[in-house]
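Have a look at my_file_8.pdb below; it lists PDB, C-alpha atoms.
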ATOM      1  CA  MET A   1      92.943  78.170  81.286  1.00  0.00           C
ATOM      2  CA  THR A   2      95.602  80.185  79.488  1.00  0.00           C
ATOM      3  CA  SER A   3      93.118  82.089  77.321  1.00  0.00           C
ATOM      4  CA  GLU A   4      93.147  85.889  77.550  1.00  0.00           C
ATOM      5  CA  SER A   5      89.375  86.091  77.251  1.00  0.00           C
ATOM      6  CA  THR A   6      87.794  87.457  80.433  1.00  0.00           C
ATOM      7  CA  THR A   7      84.115  87.719  79.356  1.00  0.00           C
ATOM      8  CA  ASP A   8      81.877  90.307  81.007  1.00  0.00           C
ATOM      9  CA  LYS A   9      83.190  90.493  84.573  1.00  0.00           C
ATOM     10  CA  PRO A  10      83.397  93.393  87.068  1.00  0.00           C
ATOM     11  CA  PHE A  11      87.197  93.057  87.145  1.00  0.00           C
ATOM     12  CA  ARG A  12      89.433  92.414  84.166  1.00  0.00           C
ATOM     13  CA  ILE A  13      91.811  89.714  85.355  1.00  0.00           C
ATOM     14  CA  GLU A  14      93.453  87.706  82.599  1.00  0.00           C
ATOM     15  CA  LYS A  15      93.279  83.952  82.986  1.00  0.00           C
ATOM     16  CA  ARG A  16      96.969  83.900  82.181  1.00  0.00           C
ATOM     17  CA  ARG A  17      97.618  85.716  85.467  1.00  0.00           C
ATOM     18  CA  VAL A  18      96.008  82.926  87.442  1.00  0.00           C
ATOM     19  CA  TYR A  19      98.010  80.315  85.568  1.00  0.00           C
ATOM     20  CA  GLU A  20     101.287  82.167  86.143  1.00  0.00           C
ATOM     21  CA  ALA A  21     100.422  82.490  89.825  1.00  0.00           C
ATOM     22  CA  TYR A  22      99.780  78.752  89.983  1.00  0.00           C
ATOM     23  CA  LYS A  23     103.209  78.035  88.488  1.00  0.00           C
ATOM     24  CA  ALA A  24     104.870  80.253  91.111  1.00  0.00           C
ATOM     25  CA  VAL A  25     102.988  78.517  93.920  1.00  0.00           C
ATOM     26  CA  LYS A  26     103.882  75.113  92.494  1.00  0.00           C
ATOM     27  CA  ALA A  27     107.568  76.080  92.480  1.00  0.00           C
ATOM     28  CA  ASN A  28     107.319  77.164  96.109  1.00  0.00           C
ATOM     29  CA  ARG A  29     105.588  73.955  97.150  1.00  0.00           C
ATOM     30  CA  GLY A  30     104.091  74.236 100.653  1.00  0.00           C
ATOM     31  CA  ALA A  31     101.836  72.219 102.923  1.00  0.00           C
ATOM     32  CA  ALA A  32      98.066  71.731 102.821  1.00  0.00           C
ATOM     33  CA  GLY A  33      95.747  74.277 104.431  1.00  0.00           C
ATOM     34  CA  VAL A  34      92.718  73.791 106.669  1.00  0.00           C
ATOM     35  CA  GLU A  35      90.879  71.633 104.153  1.00  0.00           C
ATOM     36  CA  GLY A  36      93.769  69.184 103.828  1.00  0.00           C
ATOM     37  CA  GLN A  37      94.145  69.663 100.073  1.00  0.00           C
ATOM     38  CA  THR A  38      97.724  69.259  98.907  1.00  0.00           C
ATOM     39  CA  LEU A  39      99.111  70.682  95.685  1.00  0.00           C
ATOM     40  CA  GLU A  40      99.022  67.198  94.175  1.00  0.00           C
ATOM     41  CA  ILE A  41      95.309  66.843  94.944  1.00  0.00           C
ATOM     42  CA  PHE A  42      94.647  70.341  93.571  1.00  0.00           C
ATOM     43  CA  GLU A  43      96.359  69.403  90.310  1.00  0.00           C
ATOM     44  CA  LYS A  44      94.136  66.386  89.734  1.00  0.00           C
ATOM     45  CA  ASP A  45      91.454  68.805  88.518  1.00  0.00           C
ATOM     46  CA  LEU A  46      93.760  71.680  87.681  1.00  0.00           C
ATOM     47  CA  ALA A  47      91.760  73.394  84.931  1.00  0.00           C
ATOM     48  CA  ALA A  48      88.544  73.454  86.956  1.00  0.00           C
ATOM     49  CA  ASN A  49      90.276  74.610  90.123  1.00  0.00           C
ATOM     50  CA  LEU A  50      92.109  77.434  88.355  1.00  0.00           C
ATOM     51  CA  TYR A  51      88.929  78.472  86.591  1.00  0.00           C
ATOM     52  CA  LYS A  52      87.114  78.641  89.920  1.00  0.00           C
ATOM     53  CA  ILE A  53      89.760  80.984  91.323  1.00  0.00           C
ATOM     54  CA  TRP A  54      89.699  83.200  88.221  1.00  0.00           C
ATOM     55  CA  ASN A  55      85.909  83.272  88.065  1.00  0.00           C
ATOM     56  CA  ARG A  56      85.551  84.310  91.699  1.00  0.00           C
ATOM     57  CA  MET A  57      88.319  86.899  91.587  1.00  0.00           C
ATOM     58  CA  SER A  58      87.136  88.501  88.345  1.00  0.00           C
ATOM     59  CA  SER A  59      83.557  88.485  89.657  1.00  0.00           C
ATOM     60  CA  GLY A  60      84.513  90.119  92.945  1.00  0.00           C
ATOM     61  CA  THR A  61      83.266  87.138  94.943  1.00  0.00           C
ATOM     62  CA  TYR A  62      86.515  85.636  96.181  1.00  0.00           C
ATOM     63  CA  PHE A  63      86.874  85.503  99.980  1.00  0.00           C
ATOM     64  CA  PRO A  64      90.030  84.075 101.565  1.00  0.00           C
ATOM     65  CA  PRO A  65      89.402  81.094 103.862  1.00  0.00           C
ATOM     66  CA  PRO A  66      90.989  80.732 107.324  1.00  0.00           C
ATOM     67  CA  VAL A  67      94.601  79.628 107.531  1.00  0.00           C
ATOM     68  CA  ARG A  68      95.828  76.533 109.340  1.00  0.00           C
ATOM     69  CA  ALA A  69      97.782  77.520 112.425  1.00  0.00           C
ATOM     70  CA  VAL A  70     101.021  75.670 113.081  1.00  0.00           C
ATOM     71  CA  SER A  71     103.045  76.320 116.235  1.00  0.00           C
ATOM     72  CA  ILE A  72     106.824  76.069 116.149  1.00  0.00           C
ATOM     73  CA  PRO A  73     109.197  76.615 119.094  1.00  0.00           C
ATOM     74  CA  LYS A  74     111.261  79.790 119.340  1.00  0.00           C
ATOM     75  CA  LYS A  75     114.977  79.605 120.050  1.00  0.00           C
ATOM     76  CA  ALA A  76     114.549  81.882 123.060  1.00  0.00           C
ATOM     77  CA  GLY A  77     111.580  79.912 124.365  1.00  0.00           C
ATOM     78  CA  GLY A  78     107.865  80.019 123.716  1.00  0.00           C
ATOM     79  CA  GLU A  79     106.118  79.382 120.437  1.00  0.00           C
ATOM     80  CA  ARG A  80     105.499  81.183 117.191  1.00  0.00           C
ATOM     81  CA  VAL A  81     102.270  80.551 115.317  1.00  0.00           C
ATOM     82  CA  LEU A  82     102.635  80.280 111.555  1.00  0.00           C
ATOM     83  CA  GLY A  83      99.668  80.399 109.195  1.00  0.00           C
ATOM     84  CA  VAL A  84      99.376  77.944 106.298  1.00  0.00           C
ATOM     85  CA  PRO A  85      96.851  79.098 103.645  1.00  0.00           C
ATOM     86  CA  THR A  86      95.024  76.704 101.355  1.00  0.00           C
ATOM     87  CA  VAL A  87      96.480  75.985  97.916  1.00  0.00           C
ATOM     88  CA  SER A  88      93.714  77.989  96.226  1.00  0.00           C
ATOM     89  CA  ASP A  89      94.284  80.927  98.548  1.00  0.00           C
ATOM     90  CA  ARG A  90      98.020  80.898  97.913  1.00  0.00           C
ATOM     91  CA  ILE A  91      97.316  81.119  94.183  1.00  0.00           C
ATOM     92  CA  ALA A  92      94.814  83.953  94.655  1.00  0.00           C
ATOM     93  CA  GLN A  93      97.309  85.774  96.869  1.00  0.00           C
ATOM     94  CA  MET A  94     100.029  85.279  94.266  1.00  0.00           C
ATOM     95  CA  VAL A  95      97.793  86.799  91.573  1.00  0.00           C
ATOM     96  CA  VAL A  96      97.559  89.984  93.632  1.00  0.00           C
ATOM     97  CA  LYS A  97     101.230  89.941  94.586  1.00  0.00           C
ATOM     98  CA  GLN A  98     102.390  89.649  90.987  1.00  0.00           C
ATOM     99  CA  MET A  99     100.038  92.461  90.005  1.00  0.00           C
ATOM    100  CA  ILE A 100     101.256  95.084  92.488  1.00  0.00           C
ATOM    101  CA  GLU A 101     104.859  94.046  93.138  1.00  0.00           C
ATOM    102  CA  PRO A 102     106.457  95.786  90.108  1.00  0.00           C
ATOM    103  CA  ASP A 103     105.104  99.174  91.213  1.00  0.00           C
ATOM    104  CA  LEU A 104     105.840  98.744  94.919  1.00  0.00           C
ATOM    105  CA  ASP A 105     109.371  97.440  94.543  1.00  0.00           C
ATOM    106  CA  SER A 106     110.630 100.783  93.250  1.00  0.00           C
ATOM    107  CA  LEU A 107     109.694 102.407  96.576  1.00  0.00           C
ATOM    108  CA  PHE A 108     112.271 100.474  98.578  1.00  0.00           C
ATOM    109  CA  LEU A 109     115.775 101.555  99.491  1.00  0.00           C
ATOM    110  CA  PRO A 110     118.653  99.598  97.902  1.00  0.00           C
ATOM    111  CA  ASP A 111     119.502  98.051 101.274  1.00  0.00           C
ATOM    112  CA  SER A 112     116.023  96.602 101.759  1.00  0.00           C
ATOM    113  CA  TYR A 113     116.142  92.835 101.156  1.00  0.00           C
ATOM    114  CA  GLY A 114     112.915  91.453 102.639  1.00  0.00           C
ATOM    115  CA  TYR A 115     109.969  90.412 100.419  1.00  0.00           C
ATOM    116  CA  ARG A 116     111.704  91.644  97.260  1.00  0.00           C
ATOM    117  CA  PRO A 117     112.188  89.844  93.943  1.00  0.00           C
ATOM    118  CA  GLY A 118     115.759  88.975  93.117  1.00  0.00           C
ATOM    119  CA  LYS A 119     117.006  89.683  96.650  1.00  0.00           C
ATOM    120  CA  SER A 120     117.618  87.381  99.586  1.00  0.00           C
ATOM    121  CA  ALA A 121     119.124  87.171 103.053  1.00  0.00           C
ATOM    122  CA  LEU A 122     122.346  85.924 101.463  1.00  0.00           C
ATOM    123  CA  ASP A 123     122.609  89.164  99.493  1.00  0.00           C
ATOM    124  CA  ALA A 124     122.299  91.122 102.735  1.00  0.00           C
ATOM    125  CA  VAL A 125     125.002  88.963 104.325  1.00  0.00           C
ATOM    126  CA  GLY A 126     127.296  89.632 101.378  1.00  0.00           C
ATOM    127  CA  VAL A 127     126.899  93.414 101.683  1.00  0.00           C
ATOM    128  CA  THR A 128     127.385  93.198 105.446  1.00  0.00           C
ATOM    129  CA  ARG A 129     130.660  91.319 105.012  1.00  0.00           C
ATOM    130  CA  GLN A 130     131.951  94.033 102.688  1.00  0.00           C
ATOM    131  CA  ARG A 131     131.011  96.803 105.086  1.00  0.00           C
ATOM    132  CA  CYS A 132     132.681  95.077 108.022  1.00  0.00           C
ATOM    133  CA  TRP A 133     135.968  96.159 106.433  1.00  0.00           C
ATOM    134  CA  LYS A 134     134.832  99.787 106.231  1.00  0.00           C
ATOM    135  CA  TYR A 135     133.190 100.362 109.624  1.00  0.00           C
ATOM    136  CA  ASP A 136     134.054  99.295 113.171  1.00  0.00           C
ATOM    137  CA  TRP A 137     130.500  99.513 114.507  1.00  0.00           C
ATOM    138  CA  VAL A 138     127.140  97.909 113.815  1.00  0.00           C
ATOM    139  CA  LEU A 139     123.576  98.899 114.666  1.00  0.00           C
ATOM    140  CA  GLU A 140     121.187  96.023 115.302  1.00  0.00           C
ATOM    141  CA  PHE A 141     117.577  96.295 116.397  1.00  0.00           C
ATOM    142  CA  ASP A 142     114.352  94.327 116.305  1.00  0.00           C
ATOM    143  CA  ILE A 143     110.722  95.353 116.721  1.00  0.00           C
ATOM    144  CA  LYS A 144     109.281  92.943 119.255  1.00  0.00           C
ATOM    145  CA  GLY A 145     106.130  91.226 118.036  1.00  0.00           C
ATOM    146  CA  LEU A 146     105.905  93.356 114.877  1.00  0.00           C
ATOM    147  CA  PHE A 147     104.029  90.804 112.789  1.00  0.00           C
ATOM    148  CA  ASP A 148     101.740  90.001 115.722  1.00  0.00           C
ATOM    149  CA  ASN A 149     100.673  93.557 116.474  1.00  0.00           C
ATOM    150  CA  LEU A 150     100.428  95.442 113.193  1.00  0.00           C
ATOM    151  CA  PRO A 151      97.066  97.283 113.210  1.00  0.00           C
ATOM    152  CA  HIS A 152      95.044  96.484 110.114  1.00  0.00           C
ATOM    153  CA  ASP A 153      93.670  99.998 109.716  1.00  0.00           C
ATOM    154  CA  LEU A 154      97.161 101.492 109.410  1.00  0.00           C
ATOM    155  CA  LEU A 155      98.317  98.709 107.124  1.00  0.00           C
ATOM    156  CA  LEU A 156      95.419  99.249 104.755  1.00  0.00           C
ATOM    157  CA  LYS A 157      95.942 103.007 104.817  1.00  0.00           C
ATOM    158  CA  ALA A 158      99.533 102.434 103.704  1.00  0.00           C
ATOM    159  CA  VAL A 159      98.432  99.988 101.021  1.00  0.00           C
ATOM    160  CA  ARG A 160      95.872 102.394  99.553  1.00  0.00           C
ATOM    161  CA  LYS A 161      98.539 105.071  99.245  1.00  0.00           C
ATOM    162  CA  ASP A 162     100.437 103.203  96.555  1.00  0.00           C
ATOM    163  CA  VAL A 163      98.199 100.394  95.278  1.00  0.00           C
ATOM    164  CA  LYS A 164      95.780 101.753  92.661  1.00  0.00           C
ATOM    165  CA  CYS A 165      94.400  98.521  91.204  1.00  0.00           C
ATOM    166  CA  ASN A 166      90.800  98.231  92.443  1.00  0.00           C
ATOM    167  CA  TRP A 167      90.583  94.460  92.530  1.00  0.00           C
ATOM    168  CA  ALA A 168      93.982  94.132  94.178  1.00  0.00           C
ATOM    169  CA  LEU A 169      92.880  96.534  96.916  1.00  0.00           C
ATOM    170  CA  LEU A 170      89.637  94.631  97.378  1.00  0.00           C
ATOM    171  CA  TYR A 171      91.361  91.311  97.980  1.00  0.00           C
ATOM    172  CA  ILE A 172      94.104  92.758 100.152  1.00  0.00           C
ATOM    173  CA  GLU A 173      91.424  94.280 102.376  1.00  0.00           C
ATOM    174  CA  ARG A 174      89.501  91.025 102.527  1.00  0.00           C
ATOM    175  CA  CYS A 175      92.666  89.137 103.288  1.00  0.00           C
ATOM    176  CA  ALA A 176      93.411  91.473 106.182  1.00  0.00           C
ATOM    177  CA  ARG A 177      89.924  91.991 107.600  1.00  0.00           C
ATOM    178  CA  LEU A 178      86.986  89.924 106.517  1.00  0.00           C
ATOM    179  CA  SER A 179      87.723  86.258 106.356  1.00  0.00           C
ATOM    180  CA  ARG A 180      91.151  85.897 107.858  1.00  0.00           C
ATOM    181  CA  GLY A 181      91.393  83.646 110.868  1.00  0.00           C
ATOM    182  CA  ALA A 182      93.502  80.831 112.217  1.00  0.00           C
ATOM    183  CA  TRP A 183      92.354  77.227 112.480  1.00  0.00           C
ATOM    184  CA  VAL A 184      93.535  76.053 115.877  1.00  0.00           C
ATOM    185  CA  ARG A 185      92.457  72.722 117.395  1.00  0.00           C
ATOM    186  CA  GLY A 186      89.334  72.512 115.276  1.00  0.00           C
ATOM    187  CA  ALA A 187      88.127  76.088 115.794  1.00  0.00           C
ATOM    188  CA  VAL A 188      88.540  79.269 113.759  1.00  0.00           C
ATOM    189  CA  HIS A 189      90.025  82.177 115.697  1.00  0.00           C
ATOM    190  CA  ALA A 190      89.646  85.639 114.179  1.00  0.00           C
ATOM    191  CA  VAL A 191      92.725  87.784 113.604  1.00  0.00           C
ATOM    192  CA  VAL A 192      91.971  91.448 114.292  1.00  0.00           C
ATOM    193  CA  CYS A 193      95.538  92.671 114.667  1.00  0.00           C
ATOM    194  CA  GLY A 194      98.783  91.452 113.153  1.00  0.00           C
ATOM    195  CA  GLU A 195      99.358  89.215 110.167  1.00  0.00           C
ATOM    196  CA  THR A 196      99.650  85.472 109.816  1.00  0.00           C
ATOM    197  CA  ARG A 197     103.021  84.146 108.746  1.00  0.00           C
ATOM    198  CA  GLN A 198     103.704  81.101 106.661  1.00  0.00           C
ATOM    199  CA  ALA A 199     106.121  78.399 107.660  1.00  0.00           C
ATOM    200  CA  ARG A 200     107.922  78.694 104.327  1.00  0.00           C
ATOM    201  CA  LEU A 201     107.827  82.482 104.073  1.00  0.00           C
ATOM    202  CA  SER A 202     111.270  83.268 102.691  1.00  0.00           C
ATOM    203  CA  GLY A 203     113.002  84.860  99.739  1.00  0.00           C
ATOM    204  CA  ARG A 204     111.516  82.140  97.542  1.00  0.00           C
ATOM    205  CA  THR A 205     108.017  81.980  99.019  1.00  0.00           C
ATOM    206  CA  ARG A 206     106.378  85.350  99.434  1.00  0.00           C
ATOM    207  CA  TYR A 207     102.603  85.087  99.333  1.00  0.00           C
ATOM    208  CA  CYS A 208     100.043  87.797  99.553  1.00  0.00           C
ATOM    209  CA  CYS A 209      99.865  87.578 103.346  1.00  0.00           C
ATOM    210  CA  GLY A 210     103.035  89.681 103.148  1.00  0.00           C
ATOM    211  CA  LEU A 211     101.680  92.201 100.667  1.00  0.00           C
ATOM    212  CA  SER A 212     100.416  94.535 103.340  1.00  0.00           C
ATOM    213  CA  HIS A 213     103.877  94.479 104.909  1.00  0.00           C
ATOM    214  CA  VAL A 214     105.463  95.301 101.556  1.00  0.00           C
ATOM    215  CA  ALA A 215     103.322  98.393 101.062  1.00  0.00           C
ATOM    216  CA  PHE A 216     103.513  99.340 104.736  1.00  0.00           C
ATOM    217  CA  CYS A 217     107.316  99.163 104.798  1.00  0.00           C
ATOM    218  CA  ALA A 218     107.491 101.133 101.569  1.00  0.00           C
ATOM    219  CA  ARG A 219     105.458 103.926 103.129  1.00  0.00           C
ATOM    220  CA  LEU A 220     107.486 103.683 106.345  1.00  0.00           C
ATOM    221  CA  ARG A 221     110.614 104.240 104.304  1.00  0.00           C
ATOM    222  CA  HIS A 222     109.181 107.524 102.953  1.00  0.00           C
ATOM    223  CA  SER A 223     108.037 108.684 106.388  1.00  0.00           C
ATOM    224  CA  ILE A 224     111.486 108.349 107.966  1.00  0.00           C
ATOM    225  CA  SER A 225     113.675 109.324 105.027  1.00  0.00           C
TER     226      SER A 225
END
Would you kindly transcribe this structure into C-alpha cells?
Amino acid sequence: MTSESTTDKPFRIEKRRVYEAYKAVKANRGAAGVEGQTLEIFEKDLAANLYKIWNRMSSGTYFPPPVRAVSIPKKAGGERVLGVPTVSDRIAQMVVKQMIEPDLDSLFLPDSYGYRPGKSALDAVGVTRQRCWKYDWVLEFDIKGLFDNLPHDLLLKAVRKDVKCNWALLYIERCARLSRGAWVRGAVHAVVCGETRQARLSGRTRYCCGLSHVAFCARLRHSIS
C-alpha cells in the first residue's frame, strides 16, 4: 500500500498519501461511525481497506457516507450534536486535509490558533497570559450557532478561492453537499446548512469536516484585514 504507483487514474493520488493519512487517523483514535466499524476492525484487513479508499479517491468515485450523530449536553443547557464519521471517511478526509493544509496555513494571522498544525488552545492561553500584563482590557465575543448555520454555498466559494487541487475540491464539495447527513435514531437526516462536528475535534484531531472552515476563515481574515 506504500507504493508510489498510481496506474491510469483520473486523479494522481499517491498511495503513500493514503497510508500517511491512516497513520494520522490511528494516532487520533476516535469512535466507530454509522457502520459500527472500529479502527481495530478496520486494521484486520488494512491493506485491502486502504486500497479501496485510494482506488475510489483516485478514480473520482469516493462519496462520503453519513456521520453518526451523538448528542452531548451543553453547559448552559440544551444539547450539541456532534458528528462521528466512519474510519474510512476519516482517512479520506485526512488525505485531503494533508494535501491542502500547507498552502492554506500561510493565510492565517499569527494569533489564529484553531485548526492549525503546531498550534493549540494552550498556546493561545500562554499568549493571553503575557498580554494581561500589557493591557487592562479584553475583547471577547462568540458567533452564536456558527458551525450550525454556515451556508454551504459561501463556504465552497471561499474554498475555491485558495484550493487549486481538483480532486481536493471535488471531495470537499461532496463532503459538504452530496452525501453528508447525520444518522439519528436509525434514520439519515440531510445537512443543508452548517457543518458536522466531531466529538474529538481538537488541536490533535482535525479531520476534513473542518477543512471548509479553515479555508473560509482564511478568506474571512483577508476580507476584514
For this structure, which residues satisfy the selection - the PyMOL selection byres ((chain A and resi 63) around 10) - when it is evaluated on the file as given? I want them as a PyMOL selection string. chain A and resi 56-57+60-62+64-66+89+92+170-171+174-175+178-180
Since we have the selection now, will you write its residues out, keeping C-alpha atoms, as a PDB file, in the coordinates of the input?
ATOM      1  CA  ARG A  56      85.551  84.310  91.699  1.00  0.00           C
ATOM      2  CA  MET A  57      88.319  86.899  91.587  1.00  0.00           C
ATOM      3  CA  GLY A  60      84.513  90.119  92.945  1.00  0.00           C
ATOM      4  CA  THR A  61      83.266  87.138  94.943  1.00  0.00           C
ATOM      5  CA  TYR A  62      86.515  85.636  96.181  1.00  0.00           C
ATOM      6  CA  PRO A  64      90.030  84.075 101.565  1.00  0.00           C
ATOM      7  CA  PRO A  65      89.402  81.094 103.862  1.00  0.00           C
ATOM      8  CA  PRO A  66      90.989  80.732 107.324  1.00  0.00           C
ATOM      9  CA  ASP A  89      94.284  80.927  98.548  1.00  0.00           C
ATOM     10  CA  ALA A  92      94.814  83.953  94.655  1.00  0.00           C
ATOM     11  CA  LEU A 170      89.637  94.631  97.378  1.00  0.00           C
ATOM     12  CA  TYR A 171      91.361  91.311  97.980  1.00  0.00           C
ATOM     13  CA  ARG A 174      89.501  91.025 102.527  1.00  0.00           C
ATOM     14  CA  CYS A 175      92.666  89.137 103.288  1.00  0.00           C
ATOM     15  CA  LEU A 178      86.986  89.924 106.517  1.00  0.00           C
ATOM     16  CA  SER A 179      87.723  86.258 106.356  1.00  0.00           C
ATOM     17  CA  ARG A 180      91.151  85.897 107.858  1.00  0.00           C
TER      18      ARG A 180
END
For Ala168 (chain A): contacts at 9 Å, only C-alpha atoms, fewer than 3 positions along chain excluded, given as an NGL selection string: :A and (95-97 or 99-100 or 163-165 or 171-173)
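Candidate residues A:Asp105, A:Ala69, A:Val138, A:Trp54 were compared for distance to Lys9 (chain A), and the nearest is A:Trp54, using only C-alpha atoms.
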Could you check how far CA of Pro85 (chain A) sits from CA of Arg68 (chain A), in Å to one decimal?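 Taking CA of Pro85 (chain A) as the start and CA of Arg68 (chain A) as the end point, the length is 6.3 Å.
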How many Å separate CA of Val67 (chain A) from CA of Lys26 (chain A)? 18.2 Å
Rounded to one decimal, what separation in Å do you get between CA of Arg131 (chain A) and CA of Leu109 (chain A)?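 Computing the Euclidean distance for CA of Arg131 (chain A) and CA of Leu109 (chain A) yields 16.9 Å.
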Have a look at A:Gly30, A:Asp153, A:Phe141, A:Pro102 and name the one nearest to Gly118 (chain A); count all atoms listed in the file.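 For Gly118 (chain A), the nearest of the candidates is A:Pro102.
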For the file shown, report as a VMD selection string the outcome of the PyMOL selection byres ((chain A and resi 18) around 8) at residue level. chain A and resid 14 to 17 19 to 22 50 53 to 54 91 to 92 95
What residues have an atom no more than 12 Å from (120.1, 100.1, 100.1) in the file's own frame, counting all atoms listed in the file, and can you write them as a PyMOL selection string? chain A and resi 106-114+119+123-124+127-128+221
Enumerate, as a PyMOL selection string, the residues matched when the PyMOL selection byres ((chain A and resi 33-38) around 8) is run on the file above. chain A and resi 31-32+39-42+66-68+84-87+183
